[in-house]
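Student: This is target-v5.csv, which holds CSV, C-alpha atoms:
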```
chain,number,residue,atom,x,y,z
I,1,MET,CA,-34.0,-22.9,4.3
I,2,THR,CA,-32.9,-20.0,2.2
I,3,THR,CA,-32.5,-16.3,3.2
I,4,THR,CA,-34.2,-13.7,1.1
I,5,TYR,CA,-33.6,-10.0,0.7
I,6,PRO,CA,-36.4,-8.4,-1.3
I,7,GLU,CA,-34.5,-5.4,-2.6
I,8,ALA,CA,-31.4,-7.4,-3.5
I,9,ASP,CA,-33.4,-10.3,-4.9
I,10,ALA,CA,-35.1,-7.8,-7.3
I,11,ILE,CA,-31.7,-7.2,-8.8
I,12,CYS,CA,-30.0,-10.7,-8.5
I,13,SER,CA,-31.8,-13.7,-7.0
I,14,ILE,CA,-30.9,-17.3,-6.6
I,15,ALA,CA,-33.4,-18.1,-9.4
I,16,ASP,CA,-31.4,-15.7,-11.6
I,17,VAL,CA,-28.1,-17.5,-10.7
I,18,ARG,CA,-29.6,-21.0,-11.3
I,19,ALA,CA,-30.8,-19.8,-14.7
I,20,ALA,CA,-27.3,-18.6,-15.5
I,21,ALA,CA,-25.9,-21.9,-14.4
I,22,ASP,CA,-28.1,-23.6,-16.9
I,23,ARG,CA,-27.1,-21.2,-19.7
I,24,ILE,CA,-23.3,-21.5,-19.2
I,25,ARG,CA,-23.3,-25.3,-18.5
I,26,GLY,CA,-21.2,-27.0,-21.2
I,27,HIS,CA,-19.6,-23.6,-22.1
I,28,ALA,CA,-17.9,-22.4,-19.0
I,29,VAL,CA,-15.4,-24.6,-16.9
I,30,ARG,CA,-16.7,-25.9,-13.6
I,31,THR,CA,-13.5,-25.1,-11.7
I,32,PRO,CA,-12.6,-27.4,-8.7
I,33,LEU,CA,-12.6,-26.6,-5.0
I,34,LEU,CA,-9.1,-27.3,-3.7
I,35,ARG,CA,-7.4,-27.8,-0.4
I,36,ASN,CA,-3.7,-27.5,0.4
I,37,ALA,CA,-2.2,-29.1,3.5
I,38,ALA,CA,0.5,-26.4,3.9
I,39,LEU,CA,-2.0,-23.6,3.7
I,40,ASP,CA,-4.3,-25.3,6.3
I,41,ALA,CA,-1.3,-25.8,8.6
I,42,LEU,CA,-0.1,-22.2,8.2
I,43,THR,CA,-3.5,-20.7,8.9
I,44,GLY,CA,-4.9,-23.2,11.4
I,45,GLY,CA,-8.1,-23.5,9.3
I,46,THR,CA,-9.6,-25.4,6.5
I,47,ILE,CA,-9.2,-23.3,3.4
I,48,LEU,CA,-11.1,-24.1,0.3
I,49,LEU,CA,-9.7,-22.5,-2.8
I,50,LYS,CA,-11.8,-21.7,-5.9
I,51,PRO,CA,-9.2,-21.3,-8.7
I,52,GLU,CA,-10.9,-19.2,-11.4
I,53,MET,CA,-7.6,-18.8,-13.2
I,54,LEU,CA,-8.5,-22.2,-14.6
I,55,GLN,CA,-11.6,-20.7,-16.3
I,56,HIS,CA,-11.7,-19.7,-20.0
I,57,ILE,CA,-9.5,-16.6,-20.5
I,58,GLY,CA,-7.8,-17.2,-17.2
I,59,ALA,CA,-10.5,-15.4,-15.0
I,60,PHE,CA,-14.0,-15.7,-13.7
I,61,LYS,CA,-15.3,-13.0,-16.1
I,62,PHE,CA,-16.2,-15.5,-18.9
I,63,ARG,CA,-19.2,-16.7,-16.8
I,64,GLY,CA,-20.9,-13.4,-16.6
I,65,ALA,CA,-20.1,-12.4,-20.1
I,66,TYR,CA,-21.5,-15.6,-21.6
I,67,ASN,CA,-24.6,-15.4,-19.5
I,68,ARG,CA,-25.3,-11.8,-20.5
I,69,LEU,CA,-24.6,-12.3,-24.3
I,70,ALA,CA,-26.8,-15.4,-24.3
I,71,GLN,CA,-29.8,-13.2,-23.4
I,72,ILE,CA,-29.3,-10.7,-26.3
I,73,PRO,CA,-32.2,-11.3,-28.8
I,74,ALA,CA,-31.0,-12.9,-32.0
I,75,GLN,CA,-32.1,-9.9,-34.1
I,76,ASP,CA,-29.8,-7.6,-32.1
I,77,ARG,CA,-26.7,-9.8,-32.2
I,78,PRO,CA,-25.4,-8.6,-35.6
I,79,LYS,CA,-25.1,-5.0,-34.1
I,80,GLY,CA,-22.6,-6.3,-31.7
I,81,VAL,CA,-21.6,-5.5,-28.1
I,82,VAL,CA,-19.6,-2.8,-26.4
I,83,ALA,CA,-17.8,-3.2,-23.1
I,84,TRP,CA,-15.3,-1.4,-20.9
I,85,SER,CA,-12.7,-3.2,-18.9
I,86,SER,CA,-9.3,-3.2,-17.4
I,87,GLY,CA,-8.6,-6.5,-18.9
I,88,ASN,CA,-10.4,-9.6,-17.7
I,89,HIS,CA,-14.0,-8.6,-18.6
I,90,ALA,CA,-12.6,-7.5,-21.9
I,91,GLN,CA,-11.3,-11.0,-22.6
I,92,GLY,CA,-14.5,-12.6,-21.3
I,93,VAL,CA,-16.7,-10.5,-23.6
I,94,ALA,CA,-14.4,-11.0,-26.5
I,95,MET,CA,-14.5,-14.8,-26.2
I,96,ALA,CA,-18.2,-15.0,-25.6
I,97,ALA,CA,-18.9,-12.7,-28.6
I,98,ARG,CA,-16.7,-14.9,-30.8
I,99,LEU,CA,-18.7,-18.0,-29.7
I,100,PHE,CA,-22.0,-16.2,-30.5
I,101,GLY,CA,-20.6,-14.8,-33.8
I,102,MET,CA,-21.0,-11.2,-32.6
I,103,PRO,CA,-18.7,-8.2,-33.2
I,104,ALA,CA,-17.2,-6.7,-30.0
I,105,THR,CA,-15.6,-3.4,-29.2
I,106,ILE,CA,-13.8,-3.0,-25.9
I,107,VAL,CA,-12.8,0.2,-24.2
I,108,MET,CA,-9.6,-0.5,-22.3
I,109,PRO,CA,-7.1,1.7,-20.3
I,110,LYS,CA,-3.8,2.5,-22.1
I,111,ASP,CA,-1.9,1.2,-19.0
I,112,THR,CA,-3.6,-2.3,-19.1
I,113,PRO,CA,-1.0,-5.0,-19.0
I,114,ALA,CA,0.1,-5.7,-22.5
I,115,MET,CA,-0.8,-9.4,-22.2
I,116,LYS,CA,-4.5,-8.5,-21.6
I,117,LEU,CA,-4.6,-6.1,-24.5
I,118,ALA,CA,-3.0,-8.6,-26.8
I,119,ASN,CA,-5.3,-11.4,-25.7
I,120,THR,CA,-8.4,-9.3,-26.2
I,121,ARG,CA,-7.4,-8.5,-29.7
I,122,ALA,CA,-6.5,-12.1,-30.4
I,123,LEU,CA,-10.0,-13.1,-29.4
I,124,GLY,CA,-11.3,-11.0,-32.3
I,125,ALA,CA,-12.4,-7.8,-30.4
I,126,THR,CA,-11.7,-4.3,-31.5
I,127,VAL,CA,-9.9,-2.4,-28.7
I,128,ARG,CA,-10.3,1.4,-28.2
I,129,GLU,CA,-7.7,2.5,-25.7
I,130,TYR,CA,-8.2,5.5,-23.3
I,131,ASP,CA,-6.5,7.2,-20.4
I,132,ARG,CA,-8.2,6.0,-17.2
I,133,TYR,CA,-7.1,9.1,-15.2
I,134,THR,CA,-8.4,11.8,-17.7
I,135,GLU,CA,-11.1,10.1,-19.8
I,136,ASN,CA,-14.5,8.5,-18.9
I,137,ARG,CA,-14.7,4.9,-20.2
I,138,GLU,CA,-18.5,4.7,-19.7
I,139,ALA,CA,-19.0,7.8,-21.8
I,140,ILE,CA,-16.7,6.5,-24.6
I,141,GLY,CA,-18.3,3.1,-24.7
I,142,SER,CA,-21.9,4.4,-24.5
I,143,ALA,CA,-21.2,6.8,-27.4
I,144,ILE,CA,-19.9,3.9,-29.5
I,145,ALA,CA,-22.9,1.7,-28.6
I,146,ALA,CA,-25.4,4.5,-29.5
I,147,GLU,CA,-23.8,5.1,-32.8
I,148,ARG,CA,-23.9,1.4,-33.8
I,149,GLY,CA,-27.0,0.2,-32.0
I,150,ALA,CA,-24.9,-2.2,-30.1
I,151,THR,CA,-25.6,-3.7,-26.7
I,152,VAL,CA,-23.6,-2.4,-23.7
I,153,VAL,CA,-22.2,-5.2,-21.5
I,154,ALA,CA,-21.0,-3.4,-18.3
I,155,PRO,CA,-18.3,-5.2,-16.3
I,156,TYR,CA,-20.2,-5.4,-13.1
I,157,ASP,CA,-23.3,-3.2,-12.8
I,158,ASP,CA,-25.4,-5.6,-15.0
I,159,ARG,CA,-28.0,-8.1,-13.8
I,160,GLY,CA,-26.9,-10.8,-16.3
I,161,VAL,CA,-23.3,-10.4,-15.5
I,162,MET,CA,-23.9,-10.6,-11.8
I,163,ALA,CA,-26.0,-13.7,-12.1
I,164,GLY,CA,-23.3,-15.4,-14.3
I,165,GLN,CA,-20.6,-14.7,-11.8
I,166,GLY,CA,-22.9,-16.1,-9.1
I,167,THR,CA,-22.5,-19.6,-10.5
I,168,ILE,CA,-19.2,-19.6,-8.6
I,169,GLY,CA,-21.2,-19.5,-5.3
I,170,ILE,CA,-23.4,-22.4,-6.3
I,171,GLU,CA,-20.4,-24.5,-7.2
I,172,ILE,CA,-18.6,-23.6,-3.9
I,173,ILE,CA,-21.5,-24.7,-1.7
I,174,GLU,CA,-22.2,-27.8,-3.7
I,175,ASP,CA,-18.6,-29.0,-3.7
I,176,ALA,CA,-18.1,-28.1,0.0
I,177,GLN,CA,-21.2,-30.1,0.9
I,178,ALA,CA,-19.9,-33.0,-1.1
I,179,MET,CA,-16.7,-32.9,1.0
I,180,GLY,CA,-18.9,-32.9,4.2
I,181,LEU,CA,-17.9,-29.3,5.0
I,182,ALA,CA,-19.9,-26.3,6.2
I,183,ILE,CA,-18.3,-23.0,5.2
I,184,ASP,CA,-18.0,-20.4,8.0
I,185,ASP,CA,-16.7,-17.6,5.8
I,186,ALA,CA,-16.2,-16.9,2.2
I,187,VAL,CA,-13.7,-14.2,1.0
I,188,VAL,CA,-14.2,-12.9,-2.5
I,189,CYS,CA,-12.1,-10.4,-4.5
I,190,CYS,CA,-14.0,-7.2,-5.1
I,191,GLY,CA,-13.6,-4.3,-7.6
I,192,GLY,CA,-16.9,-2.9,-8.8
I,193,GLY,CA,-18.7,-5.7,-6.9
I,194,GLY,CA,-20.3,-7.9,-9.6
I,195,LEU,CA,-18.4,-11.1,-8.7
I,196,ILE,CA,-19.2,-10.8,-5.0
I,197,ALA,CA,-22.8,-9.7,-5.6
I,198,GLY,CA,-23.6,-12.8,-7.6
I,199,THR,CA,-21.5,-15.1,-5.5
I,200,SER,CA,-23.0,-13.9,-2.2
I,201,THR,CA,-26.5,-14.3,-3.7
I,202,ALA,CA,-25.8,-18.0,-4.2
I,203,ILE,CA,-23.9,-18.6,-1.0
I,204,ARG,CA,-26.4,-16.8,1.3
I,205,ALA,CA,-29.3,-18.6,-0.4
I,206,LEU,CA,-27.7,-22.1,-0.1
I,207,SER,CA,-25.8,-21.7,3.1
I,208,PRO,CA,-27.4,-18.8,5.2
I,209,ALA,CA,-25.0,-19.2,8.1
I,210,THR,CA,-22.0,-18.4,5.9
I,211,ARG,CA,-20.5,-14.9,6.2
I,212,VAL,CA,-19.3,-13.4,2.9
I,213,TRP,CA,-16.5,-10.8,2.9
I,214,ALA,CA,-15.3,-8.4,0.2
I,215,ALA,CA,-11.5,-8.4,-0.3
I,216,GLU,CA,-9.9,-5.2,-1.7
I,217,PRO,CA,-6.6,-3.4,-2.1
I,218,ALA,CA,-6.1,-0.9,0.8
I,219,THR,CA,-5.9,2.0,-1.6
I,220,HIS,CA,-9.2,1.0,-3.3
I,221,ASP,CA,-11.3,-0.2,-0.4
I,222,ASP,CA,-14.4,1.6,-1.5
I,223,THR,CA,-16.8,-1.3,-0.9
I,224,ARG,CA,-15.5,-1.7,2.7
I,225,ARG,CA,-16.0,2.0,3.4
I,226,SER,CA,-19.3,2.1,1.6
I,227,LEU,CA,-20.6,-0.8,3.7
I,228,GLU,CA,-19.5,0.9,6.9
I,229,LEU,CA,-21.2,4.2,5.9
I,230,GLY,CA,-24.3,2.6,4.3
I,231,GLU,CA,-23.8,4.5,1.1
I,232,ARG,CA,-21.5,4.4,-1.9
I,233,VAL,CA,-18.2,6.3,-1.6
I,234,ALA,CA,-15.5,6.7,-4.2
I,235,ASN,CA,-11.8,5.9,-4.2
I,236,ASP,CA,-9.2,8.7,-4.3
I,237,PRO,CA,-8.7,9.2,-8.1
I,238,ASN,CA,-5.0,9.7,-7.5
I,239,ALA,CA,-4.6,6.3,-5.7
I,240,ARG,CA,-2.6,3.6,-7.4
I,241,SER,CA,-2.5,-0.2,-6.9
I,242,ILE,CA,-0.8,-3.2,-8.5
I,243,CYS,CA,-4.1,-4.9,-8.3
I,244,ASP,CA,-5.2,-3.6,-11.7
I,245,ALA,CA,-8.0,-6.1,-12.2
I,246,ILE,CA,-10.0,-4.7,-9.3
I,247,VAL,CA,-9.2,-1.0,-9.5
I,248,THR,CA,-12.5,0.8,-10.0
I,249,PRO,CA,-13.7,4.3,-9.1
I,250,MET,CA,-16.5,3.2,-6.7
I,251,PRO,CA,-19.0,0.4,-6.1
I,252,GLY,CA,-21.7,-0.1,-8.8
I,253,GLU,CA,-25.2,1.2,-8.1
I,254,LEU,CA,-26.8,-2.2,-8.6
I,255,THR,CA,-24.0,-4.2,-7.1
I,256,PHE,CA,-23.9,-2.2,-3.9
I,257,ALA,CA,-27.6,-2.6,-3.4
I,258,VAL,CA,-27.0,-6.3,-3.4
I,259,ASN,CA,-23.8,-6.3,-1.4
I,260,LYS,CA,-25.1,-4.0,1.4
I,261,ALA,CA,-27.8,-6.6,2.0
I,262,ARG,CA,-25.7,-9.7,1.9
I,263,LEU,CA,-22.1,-9.0,2.9
I,264,ALA,CA,-20.7,-9.3,6.4
I,265,GLY,CA,-18.2,-6.5,5.6
I,266,GLY,CA,-15.1,-5.6,3.8
I,267,LEU,CA,-11.4,-6.6,4.3
I,268,ALA,CA,-8.4,-4.7,2.8
I,269,VAL,CA,-4.8,-5.7,2.2
I,270,THR,CA,-1.7,-3.8,1.0
I,271,ASP,CA,-0.1,-4.3,-2.4
I,272,GLU,CA,2.8,-6.0,-0.6
I,273,GLU,CA,0.4,-8.5,1.0
I,274,ALA,CA,-1.2,-9.1,-2.4
I,275,LEU,CA,2.2,-9.9,-3.9
I,276,ASP,CA,3.0,-12.1,-1.0
I,277,ALA,CA,-0.2,-14.1,-1.9
I,278,VAL,CA,0.9,-14.2,-5.5
I,279,ALA,CA,4.3,-15.7,-4.4
I,280,PHE,CA,2.6,-18.2,-2.0
I,281,ALA,CA,0.3,-19.4,-4.8
I,282,ARG,CA,3.3,-19.7,-7.2
I,283,ASP,CA,5.7,-21.4,-4.8
I,284,VAL,CA,3.4,-23.5,-2.5
I,285,LEU,CA,0.0,-24.0,-4.3
I,286,LYS,CA,1.7,-24.2,-7.8
I,287,LEU,CA,-1.0,-21.8,-9.1
I,288,VAL,CA,-0.6,-18.6,-11.1
I,289,VAL,CA,-2.6,-15.8,-9.7
I,290,GLU,CA,-2.6,-12.1,-10.6
I,291,PRO,CA,-2.4,-9.5,-7.7
I,292,GLY,CA,-6.1,-8.5,-8.0
I,293,GLY,CA,-7.1,-12.2,-8.1
I,294,ALA,CA,-5.0,-12.9,-5.0
I,295,VAL,CA,-6.4,-10.3,-2.5
I,296,ALA,CA,-8.8,-12.8,-0.9
I,297,LEU,CA,-6.0,-15.3,-0.3
I,298,ALA,CA,-3.9,-12.4,1.0
I,299,CYS,CA,-6.6,-11.7,3.6
I,300,VAL,CA,-6.2,-15.3,4.9
I,301,LEU,CA,-2.4,-15.3,4.8
I,302,SER,CA,-2.0,-11.9,6.5
I,303,GLY,CA,-4.5,-12.8,9.3
I,304,THR,CA,-6.8,-9.9,8.2
I,305,ILE,CA,-9.5,-12.6,8.6
I,306,ASP,CA,-8.8,-15.1,11.4
I,307,ALA,CA,-8.9,-18.6,9.9
I,308,LYS,CA,-8.1,-20.6,13.0
I,309,GLY,CA,-10.6,-23.4,13.5
I,310,LYS,CA,-12.8,-22.2,10.6
I,311,THR,CA,-13.7,-23.4,7.2
I,312,ILE,CA,-13.1,-20.6,4.8
I,313,ALA,CA,-13.7,-20.5,1.0
I,314,VAL,CA,-11.4,-18.2,-0.9
I,315,VAL,CA,-12.0,-17.2,-4.5
I,316,LEU,CA,-8.8,-16.8,-6.6
I,317,SER,CA,-10.5,-14.7,-9.3
I,318,GLY,CA,-7.9,-14.7,-12.1
I,319,GLY,CA,-4.4,-15.4,-13.2
I,320,ASN,CA,-3.6,-13.0,-16.0
I,321,ILE,CA,-0.3,-11.7,-14.8
I,322,ASP,CA,2.8,-10.8,-16.8
I,323,ALA,CA,5.9,-13.0,-16.3
I,324,GLU,CA,8.0,-10.1,-14.9
I,325,THR,CA,5.5,-9.4,-12.1
I,326,LEU,CA,5.0,-13.1,-11.3
I,327,ALA,CA,8.8,-13.6,-11.1
I,328,LYS,CA,9.3,-10.5,-8.8
I,329,ALA,CA,6.6,-11.4,-6.3
I,330,LYS,CA,8.1,-12.0,-2.9
I,331,ARG,CA,6.9,-13.7,0.3
I,332,ILE,CA,6.7,-11.6,3.4
I,333,SER,CA,8.8,-12.9,6.3
I,334,ARG,CA,6.6,-13.9,9.2
```
Output the file's structure as structure tokens, nothing else.
Tutor:
Amino acid sequence: MTTTYPEADAICSIADVRAAADRIRGHAVRTPLLRNAALDALTGGTILLKPEMLQHIGAFKFRGAYNRLAQIPAQDRPKGVVAWSSGNHAQGVAMAARLFGMPATIVMPKDTPAMKLANTRALGATVREYDRYTENREAIGSAIAAERGATVVAPYDDRGVMAGQGTIGIEIIEDAQAMGLAIDDAVVCCGGGGLIAGTSTAIRALSPATRVWAAEPATHDDTRRSLELGERVANDPNARSICDAIVTPMPGELTFAVNKARLAGGLAVTDEEALDAVAFARDVLKLVVEPGGAVALACVLSGTIDAKGKTIAVVLSGGNIDAETLAKAKRISR
């Protein structure tokens, strides 16, 4: 039996996610669902890790980008695509555009980690840098798209992008069932909300009893606060976080309409807790995870969500971290 939410389904439904799964099959990596005995012992639960750093470009974003670009009519593809991103969506769109033979222009913050800027350019995209604190990336990108007749591929507030990211949810439930496990809770990293909107669509349709939680940095917990208030609220524009991959101004309009229907709530962790999760992944799991991609794991390690006696799915959303930050990440003494 599946659970339906008419308003949310009009934006992103399980049928949309299944169609996306068909489009990306053979192009995106079907990442595994992993267990680790030390993590289970530490938390007292059964933790199922979805390591999206093993995806093309080192993050989940390729899924949504490929699904969205696959739906652009052939006659419009020569005009190219325009996107804005702090790094991972940029690389996902750049790679998908290269596969489709389409030109891509990406609007990226000047303070984006150098590795993400370099990787985006290496994939063939043109990068237009901007100041995230004084300029509006949507305005810049929209102007470029209008001038060229290009298709805008938003990082999260896009139906095709959401559905593509939702394929993660299908894989989690299918692989957990193959292990003979029923998932009590799923914790998903959240910035603008596209990943968790798509993933929760799939999980709630295929496993209605599973609770889905948004994981965010404490300084940018706009989804958590928006869910509590029932309306979108913004982050403090002066707030800073090391979790650059999921630092966004406020929840997307479309993503929040989906998430307020499907999520159990929001969880928040400090930058210190996010770096603790990065260090745990490095030292114990032998996985490379960036701070923004580690906040869901941080929720489990910190006890922000109680894992004792539960089966919890945790999405590790990306691993595009510079060597210095990875080396400096330290465990919290507990």
Student: My list of candidates is I:Leu39, I:Val161, I:Ala218, I:Cys299. Which is closest to Val188 in chain I when distances are computed with only C-alpha atoms?
Tutor: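 The answer is I:Cys299, which sits nearest to Val188 in chain I.
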Student: Where does range 157-233 of chain I meet range 262-276 of chain I within 8 Å, residue by residue, with the nearest atom pair and distance in Å to one decimal for each, counting all atoms listed in the file, listed by chain and rising number, as a tab-separated table?
Tutor:
```
residue	atom	partner	partner_atom	distance
I:Ser200	CA	I:Arg262	CA	6.5
I:Thr201	CA	I:Arg262	CA	7.3
I:Arg204	CA	I:Arg262	CA	7.2
I:Arg211	CA	I:Ala264	CA	5.6
I:Val212	CA	I:Leu263	CA	5.2
I:Trp213	CA	I:Gly265	CA	5.4
I:Ala214	CA	I:Gly266	CA	4.6
I:Ala215	CA	I:Leu267	CA	4.9
I:Glu216	CA	I:Ala268	CA	4.8
I:Pro217	CA	I:Val269	CA	5.2
I:Ala218	CA	I:Ala268	CA	4.9
I:Thr219	CA	I:Thr270	CA	7.6
I:Asp221	CA	I:Ala268	CA	6.2
I:Thr223	CA	I:Gly266	CA	6.6
I:Arg224	CA	I:Gly266	CA	4.1
I:Arg225	CA	I:Gly266	CA	7.7
I:Leu227	CA	I:Gly265	CA	6.5
I:Glu228	CA	I:Gly265	CA	7.6
```
Student: Using only C-alpha atoms, pick whichever of I:Ala257, I:Met53, I:Ile172, I:Arg98 has the shortest atom-to-atom distance to Pro291 in chain I.
Tutor: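 That would be I:Met53, the residue with the smallest distance to Pro291 in chain I.
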Student: How many Å separate CA of Ile196 in chain I from CA of Ala70 in chain I?
Tutor: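 Taking CA of Ile196 in chain I as the start and CA of Ala70 in chain I as the end point, the length is 21.2 Å.
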Student: Could you state the separation of CA of Ser142 in chain I and CA of Pro103 in chain I in Å, given to one decimal place?
Tutor: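 Taking CA of Ser142 in chain I as the start and CA of Pro103 in chain I as the end point, the length is 15.6 Å.
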Student: What separation in Å, quoted to one decimal, exists between CA of Asp184 in chain I and CA of Ala209 in chain I?
Tutor: 7.1 Å
Student: Pick from I:Asn320, I:Thr31, I:Ser13, I:Thr151: nearest to Gly166 in chain I, with only C-alpha atoms counted?
Tutor: I:Ser13
Student: Please list as a list in words every residue within 8 Å of Leu297 in chain I, counting all atoms listed in the file and excluding residues in the same chain fewer than 5 positions away.
Tutor: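 Skipping anything fewer than 5 positions along the chain leaves Val187, Ala277, Val314, Val315 and Leu316 of chain I.
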Student: Could you tell me which of I:Asp175, I:Asp157, I:Asp22, I:Glu129 comes closest to Glu253 in chain I if we count all atoms listed in the file?
Tutor: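 Of I:Asp175, I:Asp157, I:Asp22, I:Glu129, the one nearest Glu253 in chain I, counting all atoms listed in the file, is I:Asp157.
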Student: Of the candidates I:Met115, I:Ala145, I:Ile140, I:Leu99, which one gets nearest to Gly80 in chain I if we count all atoms listed in the file?
Tutor: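 Nearest to Gly80 in chain I: I:Ala145.
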Student: Of the candidates I:Leu206, I:Ala125, I:Val17, I:Leu48, which one gets nearest to Val300 in chain I if we count all atoms listed in the file?
Tutor: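 Of the candidates, the smallest distance to Val300 in chain I is held by I:Leu48.
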Student: Given 3 Å of margin on each side, can you work out the centre and size in Å (one decimal) of an axis-aligned box holding every listed atom of range 238-244 of chain I, as lines of an AutoDock Vina configuration file?
Tutor:
```
center_x = -3.0
center_y = 2.4
center_z = -8.7
size_x = 10.4
size_y = 20.6
size_z = 12.0
```
Student: For a quick check of your reading of the model, name the residues lying within 10 Å of the coordinate (4.6, -29.0, -3.6), counting all atoms listed in the file, and write them as a count of residues only.
Tutor: 7
Student: Just want the 12 Å neighbourhood of Gly164 in chain I, counted on only C-alpha atoms, with same-chain residues fewer than 6 positions away dropped. Output as a count of residues only.
Tutor: 42
Student: Tell me, counting all atoms listed in the file, for each residue of range 120-206 of chain I within 12 Å of range 305-310 of chain I, which pair of atoms is nearest and how far apart they are in Å to one decimal, in rows ordered by chain and increasing number, as JSON lines.
Tutor:
```
{"residue": "I:Leu181", "atom": "CA", "partner": "I:Lys310", "partner_atom": "CA", "distance": 10.4}
{"residue": "I:Ala182", "atom": "CA", "partner": "I:Lys310", "partner_atom": "CA", "distance": 9.3}
{"residue": "I:Ile183", "atom": "CA", "partner": "I:Lys310", "partner_atom": "CA", "distance": 7.7}
{"residue": "I:Asp184", "atom": "CA", "partner": "I:Lys310", "partner_atom": "CA", "distance": 6.1}
{"residue": "I:Asp185", "atom": "CA", "partner": "I:Lys310", "partner_atom": "CA", "distance": 7.7}
{"residue": "I:Ala186", "atom": "CA", "partner": "I:Ile305", "partner_atom": "CA", "distance": 10.2}
{"residue": "I:Val187", "atom": "CA", "partner": "I:Ile305", "partner_atom": "CA", "distance": 8.8}
```
Student: Excluding same-chain residues fewer than 5 positions from Tyr130 in chain I, what lies within 12 Å of it counting only C-alpha atoms, as a VMD selection string?
Tutor: chain I and resid 84 to 86 106 to 112 135 to 141
Student: Export C-alpha atoms of the chosen residues as a PDB file, keeping the file's coordinate frame?
Tutor:
```
ATOM      1  CA  TRP I  84     -15.300  -1.400 -20.900  1.00  0.00           C
ATOM      2  CA  SER I  85     -12.700  -3.200 -18.900  1.00  0.00           C
ATOM      3  CA  SER I  86      -9.300  -3.200 -17.400  1.00  0.00           C
ATOM      4  CA  ILE I 106     -13.800  -3.000 -25.900  1.00  0.00           C
ATOM      5  CA  VAL I 107     -12.800   0.200 -24.200  1.00  0.00           C
ATOM      6  CA  MET I 108      -9.600  -0.500 -22.300  1.00  0.00           C
ATOM      7  CA  PRO I 109      -7.100   1.700 -20.300  1.00  0.00           C
ATOM      8  CA  LYS I 110      -3.800   2.500 -22.100  1.00  0.00           C
ATOM      9  CA  ASP I 111      -1.900   1.200 -19.000  1.00  0.00           C
ATOM     10  CA  THR I 112      -3.600  -2.300 -19.100  1.00  0.00           C
ATOM     11  CA  GLU I 135     -11.100  10.100 -19.800  1.00  0.00           C
ATOM     12  CA  ASN I 136     -14.500   8.500 -18.900  1.00  0.00           C
ATOM     13  CA  ARG I 137     -14.700   4.900 -20.200  1.00  0.00           C
ATOM     14  CA  GLU I 138     -18.500   4.700 -19.700  1.00  0.00           C
ATOM     15  CA  ALA I 139     -19.000   7.800 -21.800  1.00  0.00           C
ATOM     16  CA  ILE I 140     -16.700   6.500 -24.600  1.00  0.00           C
ATOM     17  CA  GLY I 141     -18.300   3.100 -24.700  1.00  0.00           C
TER      18      GLY I 141
END
```
